[in-house]
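Shown here: model.txt, compact mmCIF, N, CA, C and O atoms.
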# COMPACT_ATOMS: atom_id res chain seq x y z
N MET A 1 19.31 13.26 -8.72
CA MET A 1 18.59 12.52 -7.71
C MET A 1 18.13 13.42 -6.56
O MET A 1 17.12 13.14 -5.94
N GLU A 2 18.88 14.48 -6.33
CA GLU A 2 18.50 15.39 -5.25
C GLU A 2 17.16 16.05 -5.51
O GLU A 2 16.40 16.29 -4.58
N TRP A 3 16.87 16.35 -6.77
CA TRP A 3 15.62 17.02 -7.10
C TRP A 3 14.42 16.15 -6.73
O TRP A 3 13.36 16.67 -6.38
N LEU A 4 14.60 14.83 -6.77
CA LEU A 4 13.50 13.93 -6.40
C LEU A 4 13.18 14.04 -4.92
O LEU A 4 12.01 14.10 -4.52
N PHE A 5 14.23 14.11 -4.08
CA PHE A 5 14.01 14.27 -2.65
C PHE A 5 13.40 15.62 -2.33
O PHE A 5 12.52 15.73 -1.47
N ILE A 6 13.85 16.65 -3.02
CA ILE A 6 13.30 17.99 -2.80
C ILE A 6 11.83 18.03 -3.22
O ILE A 6 10.99 18.59 -2.51
N LEU A 7 11.51 17.42 -4.34
CA LEU A 7 10.12 17.37 -4.80
C LEU A 7 9.24 16.61 -3.80
O LEU A 7 8.13 17.05 -3.48
N ALA A 8 9.73 15.49 -3.29
CA ALA A 8 8.97 14.72 -2.30
C ALA A 8 8.74 15.53 -1.03
O ALA A 8 7.65 15.50 -0.45
N ALA A 9 9.74 16.27 -0.60
CA ALA A 9 9.60 17.09 0.60
C ALA A 9 8.60 18.22 0.40
O ALA A 9 7.80 18.53 1.28
N VAL A 10 8.63 18.84 -0.78
CA VAL A 10 7.69 19.94 -1.06
C VAL A 10 6.26 19.42 -1.12
O VAL A 10 5.34 20.02 -0.54
N VAL A 11 6.06 18.30 -1.78
CA VAL A 11 4.72 17.72 -1.86
C VAL A 11 4.23 17.33 -0.47
O VAL A 11 3.08 17.60 -0.10
N ALA A 12 5.09 16.71 0.31
CA ALA A 12 4.71 16.31 1.67
C ALA A 12 4.42 17.52 2.55
O ALA A 12 3.50 17.50 3.37
N ALA A 13 5.19 18.59 2.36
CA ALA A 13 4.97 19.80 3.16
C ALA A 13 3.63 20.45 2.83
O ALA A 13 2.98 21.01 3.71
N PHE A 14 3.20 20.36 1.58
CA PHE A 14 1.89 20.91 1.22
C PHE A 14 0.75 19.98 1.62
O PHE A 14 -0.35 20.44 1.89
N CYS A 15 1.00 18.68 1.67
CA CYS A 15 -0.05 17.73 2.02
C CYS A 15 -0.28 17.62 3.52
O CYS A 15 -1.38 17.29 3.97
N PHE A 16 0.75 17.89 4.32
CA PHE A 16 0.65 17.75 5.77
C PHE A 16 -0.52 18.54 6.37
O PHE A 16 -1.33 17.97 7.11
N PRO A 17 -0.65 19.85 6.09
CA PRO A 17 -1.77 20.59 6.70
C PRO A 17 -3.13 20.05 6.28
O PRO A 17 -4.06 20.01 7.09
N HIS A 18 -3.24 19.64 5.03
CA HIS A 18 -4.52 19.10 4.54
C HIS A 18 -4.91 17.86 5.34
O HIS A 18 -6.04 17.75 5.82
N PHE A 19 -3.99 16.93 5.50
CA PHE A 19 -4.30 15.70 6.21
C PHE A 19 -4.56 15.97 7.70
O PHE A 19 -5.41 15.33 8.31
N MET A 20 -3.84 16.92 8.28
CA MET A 20 -4.04 17.21 9.70
C MET A 20 -5.42 17.84 9.93
O MET A 20 -6.12 17.49 10.88
N VAL A 21 -5.81 18.77 9.06
CA VAL A 21 -7.13 19.39 9.20
C VAL A 21 -8.23 18.35 8.99
O VAL A 21 -9.22 18.32 9.71
N GLU A 22 -8.06 17.49 8.00
CA GLU A 22 -9.04 16.42 7.77
C GLU A 22 -9.13 15.48 8.96
O GLU A 22 -10.21 14.99 9.30
N ALA A 23 -8.01 15.21 9.61
CA ALA A 23 -8.02 14.34 10.79
C ALA A 23 -8.76 15.00 11.95
O ALA A 23 -9.47 14.33 12.70
N LEU A 24 -8.62 16.30 12.09
CA LEU A 24 -9.30 16.99 13.18
C LEU A 24 -10.79 17.14 12.92
O LEU A 24 -11.59 17.15 13.86
N ARG A 25 -11.19 17.25 11.65
CA ARG A 25 -12.60 17.48 11.32
C ARG A 25 -13.39 16.20 11.08
O ARG A 25 -14.62 16.24 11.08
N ALA A 26 -12.73 15.09 10.87
CA ALA A 26 -13.44 13.86 10.49
C ALA A 26 -14.28 13.35 11.67
O ALA A 26 -13.84 13.36 12.81
N GLU A 27 -15.47 12.93 11.34
CA GLU A 27 -16.35 12.37 12.36
C GLU A 27 -16.18 10.86 12.47
O GLU A 27 -16.41 10.29 13.53
N ASP A 28 -15.80 10.22 11.39
CA ASP A 28 -15.59 8.78 11.38
C ASP A 28 -14.21 8.46 11.95
O ASP A 28 -13.20 9.05 11.55
N GLU A 29 -14.15 7.54 12.89
CA GLU A 29 -12.89 7.20 13.55
C GLU A 29 -11.88 6.59 12.59
O GLU A 29 -10.68 6.84 12.70
N ASP A 30 -12.34 5.81 11.62
CA ASP A 30 -11.42 5.21 10.65
C ASP A 30 -10.77 6.27 9.76
O ASP A 30 -9.56 6.23 9.52
N LYS A 31 -11.58 7.22 9.30
CA LYS A 31 -11.02 8.30 8.48
C LYS A 31 -10.06 9.15 9.30
O LYS A 31 -9.02 9.59 8.81
N ARG A 32 -10.42 9.38 10.56
CA ARG A 32 -9.57 10.19 11.43
C ARG A 32 -8.21 9.53 11.62
O ARG A 32 -7.18 10.19 11.50
N SER A 33 -8.20 8.24 11.86
CA SER A 33 -6.93 7.56 12.07
C SER A 33 -6.12 7.47 10.77
O SER A 33 -4.89 7.58 10.80
N ASP A 34 -6.80 7.30 9.64
CA ASP A 34 -6.08 7.28 8.36
C ASP A 34 -5.42 8.63 8.07
O ASP A 34 -4.26 8.68 7.65
N HIS A 35 -6.15 9.71 8.30
CA HIS A 35 -5.59 11.03 8.03
C HIS A 35 -4.47 11.38 9.01
O HIS A 35 -3.51 12.06 8.64
N LYS A 36 -4.58 10.91 10.25
CA LYS A 36 -3.47 11.11 11.19
C LYS A 36 -2.22 10.38 10.72
O LYS A 36 -1.12 10.91 10.80
N LEU A 37 -2.41 9.17 10.22
CA LEU A 37 -1.28 8.39 9.71
C LEU A 37 -0.64 9.10 8.52
O LEU A 37 0.59 9.22 8.45
N PHE A 38 -1.45 9.58 7.58
CA PHE A 38 -0.92 10.27 6.41
C PHE A 38 -0.19 11.56 6.82
O PHE A 38 0.85 11.89 6.25
N ALA A 39 -0.72 12.28 7.80
CA ALA A 39 -0.06 13.50 8.28
C ALA A 39 1.29 13.17 8.91
O ALA A 39 2.28 13.87 8.69
N CYS A 40 1.34 12.10 9.67
CA CYS A 40 2.61 11.68 10.28
C CYS A 40 3.62 11.26 9.22
O CYS A 40 4.81 11.58 9.32
N LEU A 41 3.17 10.56 8.20
CA LEU A 41 4.07 10.16 7.13
C LEU A 41 4.60 11.37 6.37
O LEU A 41 5.78 11.41 6.01
N CYS A 42 3.75 12.34 6.13
CA CYS A 42 4.19 13.56 5.43
C CYS A 42 5.24 14.29 6.24
O CYS A 42 6.26 14.73 5.71
N SER A 43 5.00 14.43 7.54
CA SER A 43 5.99 15.13 8.36
C SER A 43 7.28 14.33 8.45
O SER A 43 8.38 14.90 8.48
N ALA A 44 7.19 13.00 8.46
CA ALA A 44 8.39 12.17 8.49
C ALA A 44 9.22 12.32 7.22
O ALA A 44 10.45 12.35 7.27
N VAL A 45 8.55 12.43 6.08
CA VAL A 45 9.27 12.63 4.81
C VAL A 45 10.01 13.96 4.83
O VAL A 45 11.18 14.03 4.43
N VAL A 46 9.37 15.01 5.31
CA VAL A 46 10.01 16.32 5.35
C VAL A 46 11.22 16.28 6.28
O VAL A 46 12.31 16.76 5.92
N VAL A 47 11.07 15.69 7.45
CA VAL A 47 12.19 15.62 8.39
C VAL A 47 13.32 14.76 7.82
O VAL A 47 14.50 15.11 7.94
N PHE A 48 12.99 13.64 7.20
CA PHE A 48 14.01 12.77 6.61
C PHE A 48 14.82 13.51 5.55
O PHE A 48 16.05 13.43 5.53
N VAL A 49 14.14 14.23 4.68
CA VAL A 49 14.85 14.96 3.62
C VAL A 49 15.72 16.06 4.23
O VAL A 49 16.86 16.27 3.80
N LEU A 50 15.23 16.74 5.26
CA LEU A 50 16.06 17.76 5.90
C LEU A 50 17.30 17.15 6.53
O LEU A 50 18.41 17.71 6.41
N ILE A 51 17.16 16.01 7.18
CA ILE A 51 18.31 15.35 7.80
C ILE A 51 19.30 14.90 6.73
O ILE A 51 20.51 15.05 6.90
N VAL A 52 18.81 14.38 5.62
CA VAL A 52 19.70 13.93 4.56
C VAL A 52 20.50 15.09 3.99
O VAL A 52 21.72 14.98 3.77
N PHE A 53 19.87 16.24 3.79
CA PHE A 53 20.57 17.36 3.20
C PHE A 53 21.48 18.09 4.20
O PHE A 53 22.43 18.74 3.80
N ILE A 54 21.16 18.01 5.48
CA ILE A 54 22.03 18.63 6.48
C ILE A 54 23.33 17.83 6.61
O ILE A 54 24.40 18.41 6.75
N ASN A 55 23.21 16.53 6.55
CA ASN A 55 24.41 15.69 6.67
C ASN A 55 25.06 15.65 5.33
O ASN A 55 26.13 15.38 5.06
Structure rendered as structure tokens:
Amino acid sequence: MEWLFILAAVVAAFCFPHFMVEALRAEDEDKRSDHKLFACLCSAVVVFVLIVFIN
């Protein structure tokens, strides 16, 4: 089960920069807010997995 959390963290860590750059470059406000949300979710997944493995 640990490998699933590690895989989710790795995928989220690679997706975070993509979504953040798309949020900064998007001209449409709806796309910008969607990409900001996805970037926040990716960073939250990474932090959650780190907290789970530290404890």
### Task
Counting only C-alpha atoms, figure out which residue out of A:His18, A:Phe53, A:Lys31, A:Val47 gets nearest to Trp3 of chain A.
A:Phe53
### Task
List the neighbours of Val49 of chain A out to 8 Å using all atoms listed in the file; skip same-chain residues closer than 5 positions along the sequence, and give me the result as a ChimeraX atom specification.
/A:5-6,8-9,42-44,54-55
### Query
Quick one: residues within 8 Å of Ala23 of chain A, all atoms listed in the file counted, chain neighbours fewer than 6 positions away excluded, as an NGL selection string?
:A and (16-17 or 29 or 31-37)
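Atom pair atom N of Leu50 of chain A / atom N of Phe14 of chain A has a distance of 13.1 Å (rounded to one decimal).
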### Task
State, in Å with one decimal place, the distance from atom CA of Glu27 of chain A to atom O of Cys15 of chain A.
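Atom-to-atom, atom CA of Glu27 of chain A and atom O of Cys15 of chain A are spaced 17.9 Å apart.
Going from atom CA of Ala26 of chain A over to atom CA of Ala39 of chain A, you cover 13.6 Å.
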